[in-house]
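Undergrad: Just one file: target-v3.txt, with compact mmCIF, C-alpha atoms.
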# COMPACT_ATOMS: atom_id res chain seq x y z
CA MET T 1 -16.21 97.85 20.86
CA ARG T 2 -19.53 99.20 22.19
CA ARG T 3 -18.80 102.63 20.66
CA ARG T 4 -18.46 101.04 17.21
CA GLY T 5 -21.95 99.51 17.32
CA THR T 6 -25.47 100.38 18.30
CA GLU T 7 -25.73 98.13 21.35
CA ASN T 8 -25.90 99.72 24.79
CA ARG T 9 -23.39 98.82 27.46
CA LEU T 10 -25.73 96.54 29.44
CA LYS T 11 -26.73 94.55 26.36
CA LEU T 12 -23.13 94.11 25.25
CA TRP T 13 -22.11 93.04 28.75
CA LEU T 14 -24.92 90.47 28.84
CA LEU T 15 -24.09 89.09 25.39
CA LEU T 16 -20.31 88.96 25.75
CA GLU T 17 -18.64 89.87 29.02
CA ALA T 18 -20.94 88.34 31.63
CA ASN T 19 -20.10 84.93 33.10
CA ARG T 20 -22.09 82.33 31.17
CA TRP T 21 -23.18 80.55 34.35
CA VAL T 22 -24.52 83.82 35.72
CA VAL T 23 -26.48 84.41 32.51
CA ALA T 24 -27.96 80.89 32.71
CA ALA T 25 -28.89 81.45 36.36
CA VAL T 26 -30.56 84.77 35.46
CA VAL T 27 -32.60 83.02 32.75
CA LEU T 28 -33.78 80.36 35.19
CA ALA T 29 -34.52 82.92 37.88
CA GLY T 30 -36.54 84.89 35.35
CA PHE T 31 -38.55 81.78 34.52
CA VAL T 32 -39.32 81.09 38.19
CA LEU T 33 -40.18 84.71 38.95
CA GLY T 34 -42.34 84.96 35.84
CA THR T 35 -44.30 81.84 36.79
CA LEU T 36 -44.80 83.05 40.35
CA LEU T 37 -45.83 86.50 39.14
CA VAL T 38 -48.54 85.00 36.95
CA ALA T 39 -49.65 82.87 39.90
CA ALA T 40 -49.88 85.96 42.09
CA LEU T 41 -51.97 87.84 39.53
CA VAL T 42 -54.48 85.08 38.81
CA PRO T 43 -57.74 85.54 40.77
CA ASP T 44 -58.13 83.46 43.92
CA ARG T 45 -54.42 82.62 43.74
CA VAL T 46 -55.30 79.40 41.85
CA VAL T 47 -52.97 78.74 38.94
CA LEU T 48 -53.25 75.08 38.08
CA SER T 49 -54.78 71.94 39.37
CA VAL T 50 -52.58 69.02 40.32
CA GLY T 51 -52.97 66.36 37.67
CA ASP T 52 -52.91 66.41 33.90
CA PRO T 53 -51.31 69.88 33.40
CA VAL T 54 -48.28 68.97 35.50
CA GLU T 55 -48.01 65.54 33.92
CA THR T 56 -48.18 66.96 30.38
CA LEU T 57 -45.62 69.65 31.21
CA PHE T 58 -42.98 67.31 32.57
CA GLN T 59 -43.55 64.68 29.89
CA GLY T 60 -42.67 67.33 27.33
CA LEU T 61 -39.67 68.50 29.36
CA VAL T 62 -38.24 64.99 29.66
CA THR T 63 -38.55 64.40 25.92
CA ALA T 64 -37.14 67.81 25.04
CA THR T 65 -34.19 67.42 27.41
CA ILE T 66 -33.12 64.05 25.98
CA THR T 67 -33.60 65.18 22.38
CA GLY T 68 -32.00 68.60 22.84
CA VAL T 69 -28.90 67.38 24.68
CA THR T 70 -28.36 64.57 22.17
CA LEU T 71 -28.71 66.96 19.23
CA VAL T 72 -26.39 69.62 20.64
CA VAL T 73 -23.69 67.13 21.61
CA SER T 74 -23.90 65.55 18.14
CA ILE T 75 -23.53 68.93 16.42
CA ASN T 76 -20.60 69.88 18.63
CA SER T 77 -18.95 66.53 17.93
CA LEU T 78 -19.36 67.17 14.21
CA VAL T 79 -17.73 70.60 14.53
CA LEU T 80 -14.87 69.28 16.62
CA SER T 81 -14.33 66.38 14.21
CA GLN T 82 -12.64 68.90 11.92
CA GLU T 83 -9.64 68.54 14.21
CA LEU T 84 -9.29 64.94 13.08
CA GLY T 85 -7.31 64.16 9.95
CA THR T 86 -4.63 62.13 8.30
CA LEU T 87 -0.94 62.55 8.98
CA GLY T 88 -0.59 64.64 5.82
CA ASP T 89 -3.38 66.99 6.91
CA GLN T 90 -1.82 67.43 10.34
CA ARG T 91 1.57 68.10 8.78
CA ASP T 92 0.06 70.75 6.49
CA ARG T 93 -1.54 72.41 9.52
CA MET T 94 1.79 72.38 11.34
CA GLU T 95 3.64 73.85 8.36
CA GLY T 96 1.02 76.55 7.97
CA ALA T 97 1.27 77.49 11.64
CA MET T 98 5.07 77.57 11.60
CA SER T 99 5.12 79.55 8.34
CA PHE T 100 2.83 82.18 9.80
CA ARG T 101 4.98 82.44 12.93
CA ARG T 102 8.08 82.96 10.80
CA ASP T 103 6.28 85.67 8.83
CA VAL T 104 5.38 87.44 12.08
CA GLU T 105 8.93 87.15 13.40
CA ASP T 106 10.44 88.45 10.16
CA GLU T 107 7.98 91.32 9.80
CA LEU T 108 8.15 92.51 13.41
CA GLY T 109 11.82 91.73 14.01
CA VAL T 110 11.33 89.40 16.98
CA GLU T 111 13.47 86.32 17.51
CA ILE T 112 10.77 83.89 18.71
CA ALA T 113 7.07 84.66 18.70
CA PRO T 114 5.35 83.84 22.03
CA ALA T 115 3.52 80.53 22.38
CA THR T 116 0.44 81.67 24.31
CA PRO T 117 -2.39 83.31 22.36
CA ALA T 118 -2.56 86.44 24.53
CA ALA T 119 1.18 87.07 24.36
CA PHE T 120 1.23 86.38 20.61
CA LEU T 121 -1.54 88.89 19.95
CA ARG T 122 0.17 91.38 22.24
CA VAL T 123 3.38 91.16 20.20
CA LEU T 124 1.38 92.00 17.09
CA VAL T 125 -0.41 94.90 18.77
CA ASP T 126 2.87 96.24 20.17
CA GLY T 127 4.30 96.06 16.66
CA VAL T 128 1.39 98.13 15.38
CA GLU T 129 1.99 100.65 18.18
CA ARG T 130 5.66 101.02 17.26
CA ARG T 131 4.79 101.54 13.62
CA GLY T 132 2.16 104.04 14.66
CA ALA T 133 4.93 105.98 16.41
CA ARG T 134 7.01 105.86 13.23
CA LEU T 135 4.01 107.08 11.26
CA SER T 136 3.54 109.95 13.69
CA LYS T 137 7.16 111.05 13.21
CA ALA T 138 6.89 110.73 9.43
CA ALA T 139 3.71 112.82 9.35
CA ALA T 140 5.26 115.46 11.59
CA ALA T 141 8.28 115.69 9.26
CA VAL T 142 6.16 116.74 6.29
CA ALA T 143 6.63 120.49 5.96
CA SER T 144 3.57 121.30 3.84
CA GLU T 145 0.33 121.80 5.71
CA ARG T 146 -1.93 119.51 3.73
CA VAL T 147 -5.22 117.92 4.73
CA GLU T 148 -3.75 114.48 4.09
CA THR T 149 -0.84 114.96 6.46
CA GLU T 150 -3.16 116.28 9.17
CA ARG T 151 -5.29 113.18 8.78
CA ALA T 152 -2.17 111.02 8.90
CA ARG T 153 -1.13 112.63 12.20
CA ALA T 154 -4.58 112.08 13.69
CA PHE T 155 -4.62 108.50 12.42
CA ALA T 156 -1.17 107.81 13.88
CA ASP T 157 -2.24 109.13 17.29
CA ASP T 158 -5.34 106.95 17.19
CA VAL T 159 -3.35 103.83 16.24
CA ARG T 160 -0.81 104.38 19.00
CA GLY T 161 -3.37 105.09 21.71
CA HIS T 162 -5.67 102.25 20.74
CA ALA T 163 -2.86 99.71 20.39
CA SER T 164 -1.47 100.70 23.80
CA SER T 165 -4.89 100.21 25.40
CA VAL T 166 -5.44 96.79 23.81
CA SER T 167 -1.91 95.70 24.72
CA SER T 168 -2.62 96.51 28.36
CA ASP T 169 -5.85 94.52 28.20
CA LEU T 170 -4.00 91.49 26.81
CA ALA T 171 -1.41 91.51 29.59
CA ASP T 172 -1.61 88.41 31.80
CA ARG T 173 -4.77 87.16 30.08
CA GLN T 174 -5.33 83.41 30.28
CA PHE T 175 -6.66 81.55 27.26
CA GLY T 176 -9.88 79.68 27.98
CA THR T 177 -11.50 82.80 29.37
CA PHE T 178 -13.23 85.37 27.20
CA GLY T 179 -10.71 88.04 28.20
CA VAL T 180 -8.23 87.24 25.41
CA LEU T 181 -10.82 87.34 22.64
CA SER T 182 -12.55 90.35 24.19
CA ALA T 183 -9.36 92.40 24.07
CA ALA T 184 -8.70 91.27 20.49
CA LEU T 185 -12.23 92.22 19.43
CA ASN T 186 -11.68 95.72 20.79
CA PHE T 187 -8.91 96.29 18.23
CA ASN T 188 -10.74 97.33 15.04
CA TYR T 189 -7.96 96.45 12.64
CA SER T 190 -10.29 96.44 9.61
CA TRP T 191 -10.98 100.16 9.84
CA LYS T 192 -7.30 100.86 10.43
CA ILE T 193 -6.25 98.94 7.30
CA HIS T 194 -8.89 100.71 5.26
CA GLU T 195 -7.99 104.17 6.56
CA ALA T 196 -4.24 103.63 6.14
CA ARG T 197 -4.72 102.57 2.52
CA ARG T 198 -6.97 105.56 1.84
CA LEU T 199 -4.44 107.89 3.37
CA ARG T 200 -1.64 106.46 1.27
CA GLU T 201 -3.59 106.86 -1.96
CA SER T 202 -4.59 110.42 -1.07
CA LEU T 203 -0.95 111.54 -0.70
CA PRO T 204 0.53 113.48 -3.63
CA GLU T 205 3.22 111.97 -5.80
CA ALA T 206 6.65 112.46 -4.24
CA ASP T 207 8.04 114.30 -7.26
CA GLU T 208 5.15 116.78 -7.18
CA THR T 209 6.08 118.29 -3.80
CA ALA T 210 9.01 120.13 -2.34
CA ASP T 211 9.38 117.65 0.55
CA ALA T 212 9.54 114.52 -1.62
CA GLU T 213 11.66 112.56 0.87
CA SER T 214 9.18 113.17 3.69
CA ILE T 215 6.27 112.04 1.52
CA ARG T 216 8.09 108.83 0.61
CA GLU T 217 8.82 108.17 4.28
CA LEU T 218 5.16 108.77 5.11
CA ARG T 219 4.10 106.30 2.42
CA ASP T 220 6.54 103.69 3.76
CA ALA T 221 5.27 104.24 7.31
CA LEU T 222 1.66 103.71 6.19
CA ASP T 223 2.68 100.54 4.33
CA SER T 224 4.39 99.20 7.44
CA VAL T 225 1.27 99.83 9.54
CA VAL T 226 -0.86 97.96 6.99
CA ALA T 227 1.63 95.06 6.95
CA ALA T 228 1.45 94.65 10.73
CA LEU T 229 -2.35 94.95 10.78
CA THR T 230 -2.60 92.37 7.99
CA LEU T 231 -0.83 89.87 10.25
CA PHE T 232 -3.13 90.68 13.17
CA GLY T 233 -6.25 89.74 11.17
CA PRO T 234 -5.58 86.01 10.62
CA ALA T 235 -3.99 85.73 14.07
CA ARG T 236 -7.19 86.98 15.71
CA GLU T 237 -9.32 84.71 13.53
CA HIS T 238 -7.22 81.72 14.57
CA VAL T 239 -7.57 82.62 18.24
CA LYS T 240 -11.30 83.05 17.71
CA THR T 241 -11.54 79.58 16.15
CA LEU T 242 -9.65 78.02 19.04
CA TYR T 243 -11.89 79.82 21.51
CA PHE T 244 -15.05 78.58 19.74
CA GLN T 245 -13.79 75.00 19.90
CA TRP T 246 -12.92 75.45 23.57
CA GLU T 247 -16.39 76.85 24.28
CA LEU T 248 -18.12 74.05 22.37
CA VAL T 249 -16.31 71.46 24.48
CA ASP T 250 -17.33 73.29 27.66
CA LEU T 251 -20.91 73.58 26.37
CA SER T 252 -21.14 69.86 25.62
CA ARG T 253 -19.83 68.93 29.05
CA ALA T 254 -22.05 71.43 30.82
CA MET T 255 -25.17 70.19 29.05
CA LEU T 256 -24.33 66.57 29.81
CA TYR T 257 -23.67 67.35 33.47
CA SER T 258 -26.86 69.39 33.83
CA ALA T 259 -28.99 66.87 31.93
CA VAL T 260 -28.61 64.21 34.63
CA PRO T 261 -30.13 66.21 37.54
CA ALA T 262 -32.63 67.76 35.13
CA LEU T 263 -33.91 64.35 34.04
CA LEU T 264 -33.86 63.10 37.64
CA VAL T 265 -36.00 65.99 38.86
CA ALA T 266 -38.37 65.84 35.87
CA THR T 267 -38.83 62.07 36.12
CA ASN T 268 -39.54 62.10 39.84
CA THR T 269 -41.93 65.04 39.51
CA LEU T 270 -43.74 63.14 36.75
CA LEU T 271 -43.93 59.97 38.81
CA PHE T 272 -44.97 61.54 42.10
CA HIS T 273 -46.82 64.68 41.04
CA GLY T 274 -50.01 63.21 42.50
CA THR T 275 -48.65 63.81 45.98
CA LEU T 276 -48.56 67.57 45.38
CA GLY T 277 -52.25 67.69 46.19
CA SER T 278 -51.40 66.91 49.80
CA VAL T 279 -49.07 69.89 50.05
CA SER T 280 -51.03 72.58 51.81
CA GLY T 281 -50.39 76.19 52.66
CA ALA T 282 -49.18 79.18 50.71
CA THR T 283 -46.31 81.65 50.71
CA LEU T 284 -46.78 85.21 49.45
CA GLY T 285 -50.30 84.19 48.51
CA ILE T 286 -49.06 81.44 46.15
CA ALA T 287 -49.79 77.79 46.85
CA HIS T 288 -46.77 75.71 47.86
CA TYR T 289 -47.37 73.18 45.10
CA VAL T 290 -47.05 76.02 42.59
CA TRP T 291 -43.65 76.90 44.07
CA ILE T 292 -42.61 73.26 43.75
CA VAL T 293 -43.70 73.02 40.12
CA ALA T 294 -41.97 76.30 39.21
CA LEU T 295 -38.68 75.31 40.87
CA THR T 296 -38.62 71.77 39.48
CA ALA T 297 -39.45 73.02 36.00
CA SER T 298 -36.61 75.54 36.19
CA ILE T 299 -34.14 72.79 37.14
CA THR T 300 -35.35 70.74 34.19
CA LEU T 301 -34.79 73.74 31.92
CA ALA T 302 -31.17 74.16 33.10
CA PRO T 303 -29.59 72.53 29.98
CA PHE T 304 -31.48 74.93 27.73
CA ALA T 305 -30.55 77.94 29.83
CA ILE T 306 -26.89 76.90 29.59
CA LEU T 307 -27.23 76.43 25.83
CA LEU T 308 -28.83 79.86 25.50
CA SER T 309 -26.09 81.60 27.49
CA PHE T 310 -23.25 80.04 25.47
CA VAL T 311 -24.91 80.51 22.07
CA LEU T 312 -25.60 84.19 22.83
CA ARG T 313 -21.86 84.84 23.17
CA ILE T 314 -20.75 82.58 20.30
CA GLY T 315 -23.38 84.02 17.97
CA THR T 316 -22.56 87.61 18.89
CA VAL T 317 -18.83 87.12 18.33
CA ALA T 318 -19.45 85.31 15.04
CA LYS T 319 -21.70 88.11 13.79
CA ARG T 320 -19.16 90.81 14.69
CA THR T 321 -16.31 88.93 12.95
CA LEU T 322 -17.95 87.61 9.80
CA SER T 323 -15.40 89.28 7.53
CA ILE T 324 -11.64 89.39 7.56
CA GLY T 325 -9.61 92.28 6.26
CA PRO T 326 -10.86 95.77 5.38
CA PHE T 327 -14.55 94.88 5.14
CA ILE T 328 -16.87 96.91 7.38
CA LEU T 329 -20.28 95.26 7.53
CA ARG T 330 -22.16 97.65 9.81
CA THR T 331 -23.52 100.96 8.58
CA THR T 332 -21.36 103.87 9.72
CA GLY T 333 -21.90 107.56 10.00
CA GLY T 334 -19.23 108.38 7.41
CA ASP T 335 -19.45 105.80 4.64
CA GLU T 336 -17.39 106.99 1.70
CA VAL T 337 -18.55 106.81 -1.88
CA GLY T 338 -15.23 106.79 -3.66
CA GLY T 339 -12.25 106.45 -1.41
CA GLY T 340 -9.73 107.20 -4.15
CA ARG T 341 -7.12 109.93 -4.32
CA GLY T 342 -8.43 113.27 -3.24
CA ASP T 343 -11.26 111.83 -1.13
CA SER T 344 -10.89 113.60 2.18
CA GLY T 345 -13.87 111.95 3.87
CA ARG T 346 -13.19 109.59 6.73
CA SER T 347 -15.20 107.00 8.57
CA ASP T 348 -15.98 107.44 12.21
CA ASN T 349 -13.52 105.29 14.14
CA ARG T 350 -15.91 105.01 17.04
CA ARG T 351 -18.69 103.38 15.09
CA ASP T 352 -17.16 101.16 12.46
CA GLY T 353 -14.78 98.28 12.47
CA GLU T 354 -15.28 94.57 12.27
If you convert what's in this file into C-alpha cells, what do you get?
TA:
Amino acid sequence: MRRRGTENRLKLWLLLEANRWVVAAVVLAGFVLGTLLVAALVPDRVVLSVGDPVETLFQGLVTATITGVTLVVSINSLVLSQELGTLGDQRDRMEGAMSFRRDVEDELGVEIAPATPAAFLRVLVDGVERRGARLSKAAAAVASERVETERARAFADDVRGHASSVSSDLADRQFGTFGVLSAALNFNYSWKIHEARRLRESLPEADETADAESIRELRDALDSVVAALTLFGPAREHVKTLYFQWELVDLSRAMLYSAVPALLVATNTLLFHGTLGSVSGATLGIAHYVWIVALTASITLAPFAILLSFVLRIGTVAKRTLSIGPFILRTTGGDEVGGGRGDSGRSDNRRDGE
C-alpha cells in the first residue's frame, strides 16, 4: 500500500498500523516535552507565575473536555443509529447479505462461504489467485508473440503473487483489530479490474488470428478475473463499514473513560492551584510547579489525544477508499489518455490503486 502512494513508511505506520493507544501516548508525551522544553529555554527558568494563567488554562480545559466528549459521543451515536430500523429494513439487510453470499458461492464454486470477515475475504482473494493461474495458462497458450499477450502474462503473474501475499496476511486475523482491514487495503483490486478490462479490449478479434481458440480462452480468463475482483470490492467495503462502526464504539467508550480522570485532575488543579506556590525546588533547571502543571494538563488532554489517534486512522482509510470499482483517485506515473483497443500503455501497479 505504501508503494502505491506518496507517504513514507513511518508516516503510513503512524497513520494506520500503530496501536492507537501508543499514538495517543506519543501525542501527550510530545505535549509534556514541548512544554518543558519551552520552560528550559526561557531566561531565568521562569515560565509562568502561579495564579491567573493556571486558573485560566484549566477553566478552558474543563469546558473543552465536557463539550468535546459530549459532541463526539453524540456524533458517534448518530452514526451508529443507522443500525436501527424497522423489521422490514432488517429483513432487507438480511436478504441482501444472504444474496451476496450466494453470489460469491456460485461464482467461486464454494459450498458455504466463511462467516468471519478475514476468512470470507481470504476466500475471495484465493479465488482471484486461482483465476490468475488460469489466466497465466491461457496467456502462455497463445502462440503469437503479441504485446497484448506479453502484458497478459505479466498481469497474471502480478495477480497471482499479490493475491497469495494478501491471502497469507489474512490468515488467522481477528476482526476488531486493524489487521483484517490492513490486509484488504493492500489488495489494489481497482487497478486490477481496470487493467484486466484494458487487456481484454486490446486483444484482437478471435477470427482475425490463427490461434482463435487461445484468444477466446484468454478473453474468458480475463472476464473471470474481473468477476472475482468485482465481488471483492463490495465485500471489502462492507468489512470497512463494520470496522468503522467497531472503532467508533471503542472511541466513544475510550473518551468517556478518559474524561472522568481528566475532569478530576483538571478540577482539582483548578481548585488547589494556589498551593503550587509552596512547591519549591527544580529538576533539570525547571521549577517543580511547572512539571506539575505540564503533567496535569497532559492528563486533561487525554480525551483529545485519543480522539486524534482514532480519527487519524479512520480519516486515512476513508480517504484511500473513497471510490469503489475501477476508479483511481491518486495521480499515477502512467495515466492513460485513451485506454481503448490498441492502447499499449499501462499504469504503474506500485503507485496506483484505491
Undergrad: Find, counting all atoms listed in the file, the residue in T:Val226, T:Ala154, T:Val23, T:Val128 that gets nearest to Ala140 (chain T).
TA: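 Checking each of T:Val226, T:Ala154, T:Val23, T:Val128 against Ala140 (chain T), counting all atoms listed in the file, the winner is T:Ala154.
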Undergrad: Separation of CA of Arg236 (chain T) and CA of Leu87 (chain T), in Å?
TA: 26.1 Å
Undergrad: Figure out the distance between CA of Arg20 (chain T) and CA of Val249 (chain T), please, to one decimal in Å.
TA: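 Separation between CA of Val249 (chain T) and CA of Arg20 (chain T): 14.0 Å.
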Undergrad: Show which residues sit within 12 Å of Thr283 (chain T), as a ChimeraX atom specification. Count all atoms listed in the file, and ignore same-chain residues fewer than 4 positions away.
TA: /T:36,39-40,45,287-292
Undergrad: Would you mind exporting C-alpha atoms of the selected residues as a PDB file, in the coordinates of the input?
TA:
ATOM      1  CA  LEU T  36     -44.800  83.050  40.350  1.00  0.00           C
ATOM      2  CA  ALA T  39     -49.650  82.870  39.900  1.00  0.00           C
ATOM      3  CA  ALA T  40     -49.880  85.960  42.090  1.00  0.00           C
ATOM      4  CA  ARG T  45     -54.420  82.620  43.740  1.00  0.00           C
ATOM      5  CA  ALA T 287     -49.790  77.790  46.850  1.00  0.00           C
ATOM      6  CA  HIS T 288     -46.770  75.710  47.860  1.00  0.00           C
ATOM      7  CA  TYR T 289     -47.370  73.180  45.100  1.00  0.00           C
ATOM      8  CA  VAL T 290     -47.050  76.020  42.590  1.00  0.00           C
ATOM      9  CA  TRP T 291     -43.650  76.900  44.070  1.00  0.00           C
ATOM     10  CA  ILE T 292     -42.610  73.260  43.750  1.00  0.00           C
TER      11      ILE T 292
END
Undergrad: Taking the point (-2.2, 112.1, 11.4) as given in the file, collect each protein or nucleic acid residue that comes within 10 Å of it, counting all atoms listed in the file, and present the set as a ChimeraX atom specification.
TA: /T:132,135-140,147-159,199
Undergrad: For Glu83 (chain T), which residue out of T:Leu242, T:Leu284, T:Leu251, T:Ile306 is the nearest one, using only C-alpha atoms?
TA: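 Of all the options, T:Leu242 lies closest to Glu83 (chain T).
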Undergrad: Considering only C-alpha atoms, state which residue in the set T:Thr86, T:Thr241, T:Thr35, T:Ser224 is at the smallest distance from Ala133 (chain T).
TA: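 Among T:Thr86, T:Thr241, T:Thr35, T:Ser224, it is T:Ser224 that comes nearest to Ala133 (chain T).
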Undergrad: Pick the closest to Leu264 (chain T) from T:Val38, T:Ala305, T:Ile299, T:Leu33: which is it, counting only C-alpha atoms?
TA: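 Distance minimum relative to Leu264 (chain T) lands on T:Ile299.
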Undergrad: Grab the CA of Gln59 (chain T) to CA of Leu270 (chain T) distance for me, in Å with one decimal place.
TA: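 A separation of 7.0 Å between them.
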Undergrad: Take region 3-32 of chain T, bring it up to N, CA and C atoms, and give me the output as a PDB file, keeping the file's coordinate frame.
TA:
ATOM      1  N   ARG T   3     -18.676 101.359  21.368  1.00  0.00           N
ATOM      2  CA  ARG T   3     -18.800 102.630  20.660  1.00  0.00           C
ATOM      3  C   ARG T   3     -18.883 102.440  19.152  1.00  0.00           C
ATOM      4  N   ARG T   4     -18.422 101.277  18.643  1.00  0.00           N
ATOM      5  CA  ARG T   4     -18.460 101.040  17.210  1.00  0.00           C
ATOM      6  C   ARG T   4     -19.784 100.437  16.765  1.00  0.00           C
ATOM      7  N   GLY T   5     -20.669 100.104  17.668  1.00  0.00           N
ATOM      8  CA  GLY T   5     -21.950  99.510  17.320  1.00  0.00           C
ATOM      9  C   GLY T   5     -23.089 100.296  17.910  1.00  0.00           C
ATOM     10  N   THR T   6     -24.283  99.703  17.801  1.00  0.00           N
ATOM     11  CA  THR T   6     -25.470 100.380  18.300  1.00  0.00           C
ATOM     12  C   THR T   6     -25.937  99.809  19.635  1.00  0.00           C
ATOM     13  N   GLU T   7     -25.295  98.738  20.115  1.00  0.00           N
ATOM     14  CA  GLU T   7     -25.730  98.130  21.350  1.00  0.00           C
ATOM     15  C   GLU T   7     -25.360  99.001  22.554  1.00  0.00           C
ATOM     16  N   ASN T   8     -26.237  99.002  23.574  1.00  0.00           N
ATOM     17  CA  ASN T   8     -25.900  99.720  24.790  1.00  0.00           C
ATOM     18  C   ASN T   8     -24.965  98.870  25.644  1.00  0.00           C
ATOM     19  N   ARG T   9     -24.411  99.495  26.659  1.00  0.00           N
ATOM     20  CA  ARG T   9     -23.390  98.820  27.460  1.00  0.00           C
ATOM     21  C   ARG T   9     -23.936  97.591  28.176  1.00  0.00           C
ATOM     22  N   LEU T  10     -25.159  97.681  28.718  1.00  0.00           N
ATOM     23  CA  LEU T  10     -25.730  96.540  29.440  1.00  0.00           C
ATOM     24  C   LEU T  10     -25.955  95.360  28.512  1.00  0.00           C
ATOM     25  N   LYS T  11     -26.481  95.631  27.312  1.00  0.00           N
ATOM     26  CA  LYS T  11     -26.730  94.550  26.360  1.00  0.00           C
ATOM     27  C   LYS T  11     -25.431  93.880  25.939  1.00  0.00           C
ATOM     28  N   LEU T  12     -24.400  94.672  25.661  1.00  0.00           N
ATOM     29  CA  LEU T  12     -23.130  94.110  25.250  1.00  0.00           C
ATOM     30  C   LEU T  12     -22.490  93.314  26.383  1.00  0.00           C
ATOM     31  N   TRP T  13     -22.635  93.791  27.598  1.00  0.00           N
ATOM     32  CA  TRP T  13     -22.110  93.040  28.750  1.00  0.00           C
ATOM     33  C   TRP T  13     -22.829  91.702  28.884  1.00  0.00           C
ATOM     34  N   LEU T  14     -24.148  91.702  28.718  1.00  0.00           N
ATOM     35  CA  LEU T  14     -24.920  90.470  28.840  1.00  0.00           C
ATOM     36  C   LEU T  14     -24.555  89.489  27.729  1.00  0.00           C
ATOM     37  N   LEU T  15     -24.369  89.967  26.518  1.00  0.00           N
ATOM     38  CA  LEU T  15     -24.090  89.090  25.390  1.00  0.00           C
ATOM     39  C   LEU T  15     -22.671  88.542  25.413  1.00  0.00           C
ATOM     40  N   LEU T  16     -21.709  89.343  25.902  1.00  0.00           N
ATOM     41  CA  LEU T  16     -20.310  88.960  25.750  1.00  0.00           C
ATOM     42  C   LEU T  16     -19.567  88.800  27.075  1.00  0.00           C
ATOM     43  N   GLU T  17     -19.570  89.824  27.888  1.00  0.00           N
ATOM     44  CA  GLU T  17     -18.640  89.870  29.020  1.00  0.00           C
ATOM     45  C   GLU T  17     -19.115  89.079  30.237  1.00  0.00           C
ATOM     46  N   ALA T  18     -20.421  88.968  30.424  1.00  0.00           N
ATOM     47  CA  ALA T  18     -20.940  88.340  31.630  1.00  0.00           C
ATOM     48  C   ALA T  18     -20.570  86.854  31.690  1.00  0.00           C
ATOM     49  N   ASN T  19     -20.351  86.358  32.904  1.00  0.00           N
ATOM     50  CA  ASN T  19     -20.100  84.930  33.100  1.00  0.00           C
ATOM     51  C   ASN T  19     -21.287  84.130  32.584  1.00  0.00           C
ATOM     52  N   ARG T  20     -21.003  83.093  31.799  1.00  0.00           N
ATOM     53  CA  ARG T  20     -22.090  82.330  31.170  1.00  0.00           C
ATOM     54  C   ARG T  20     -22.959  81.617  32.192  1.00  0.00           C
ATOM     55  N   TRP T  21     -22.378  81.212  33.312  1.00  0.00           N
ATOM     56  CA  TRP T  21     -23.180  80.550  34.350  1.00  0.00           C
ATOM     57  C   TRP T  21     -24.108  81.553  35.021  1.00  0.00           C
ATOM     58  N   VAL T  22     -23.659  82.778  35.158  1.00  0.00           N
ATOM     59  CA  VAL T  22     -24.520  83.820  35.720  1.00  0.00           C
ATOM     60  C   VAL T  22     -25.686  84.102  34.786  1.00  0.00           C
ATOM     61  N   VAL T  23     -25.412  84.165  33.483  1.00  0.00           N
ATOM     62  CA  VAL T  23     -26.480  84.410  32.510  1.00  0.00           C
ATOM     63  C   VAL T  23     -27.502  83.279  32.560  1.00  0.00           C
ATOM     64  N   ALA T  24     -27.036  82.029  32.620  1.00  0.00           N
ATOM     65  CA  ALA T  24     -27.960  80.890  32.710  1.00  0.00           C
ATOM     66  C   ALA T  24     -28.788  80.965  33.983  1.00  0.00           C
ATOM     67  N   ALA T  25     -28.147  81.334  35.101  1.00  0.00           N
ATOM     68  CA  ALA T  25     -28.890  81.450  36.360  1.00  0.00           C
ATOM     69  C   ALA T  25     -29.932  82.559  36.287  1.00  0.00           C
ATOM     70  N   VAL T  26     -29.600  83.668  35.617  1.00  0.00           N
ATOM     71  CA  VAL T  26     -30.560  84.770  35.460  1.00  0.00           C
ATOM     72  C   VAL T  26     -31.754  84.318  34.628  1.00  0.00           C
ATOM     73  N   VAL T  27     -31.505  83.532  33.585  1.00  0.00           N
ATOM     74  CA  VAL T  27     -32.600  83.020  32.750  1.00  0.00           C
ATOM     75  C   VAL T  27     -33.527  82.140  33.571  1.00  0.00           C
ATOM     76  N   LEU T  28     -32.956  81.247  34.364  1.00  0.00           N
ATOM     77  CA  LEU T  28     -33.780  80.360  35.190  1.00  0.00           C
ATOM     78  C   LEU T  28     -34.527  81.135  36.267  1.00  0.00           C
ATOM     79  N   ALA T  29     -33.849  82.096  36.864  1.00  0.00           N
ATOM     80  CA  ALA T  29     -34.520  82.920  37.880  1.00  0.00           C
ATOM     81  C   ALA T  29     -35.670  83.700  37.261  1.00  0.00           C
ATOM     82  N   GLY T  30     -35.467  84.182  36.038  1.00  0.00           N
ATOM     83  CA  GLY T  30     -36.540  84.890  35.350  1.00  0.00           C
ATOM     84  C   GLY T  30     -37.728  83.984  35.078  1.00  0.00           C
ATOM     85  N   PHE T  31     -37.458  82.729  34.742  1.00  0.00           N
ATOM     86  CA  PHE T  31     -38.550  81.780  34.520  1.00  0.00           C
ATOM     87  C   PHE T  31     -39.351  81.547  35.805  1.00  0.00           C
ATOM     88  N   VAL T  32     -38.636  81.333  36.913  1.00  0.00           N
ATOM     89  CA  VAL T  32     -39.320  81.090  38.190  1.00  0.00           C
ATOM     90  C   VAL T  32     -40.126  82.319  38.605  1.00  0.00           C
TER      91      VAL T  32
END
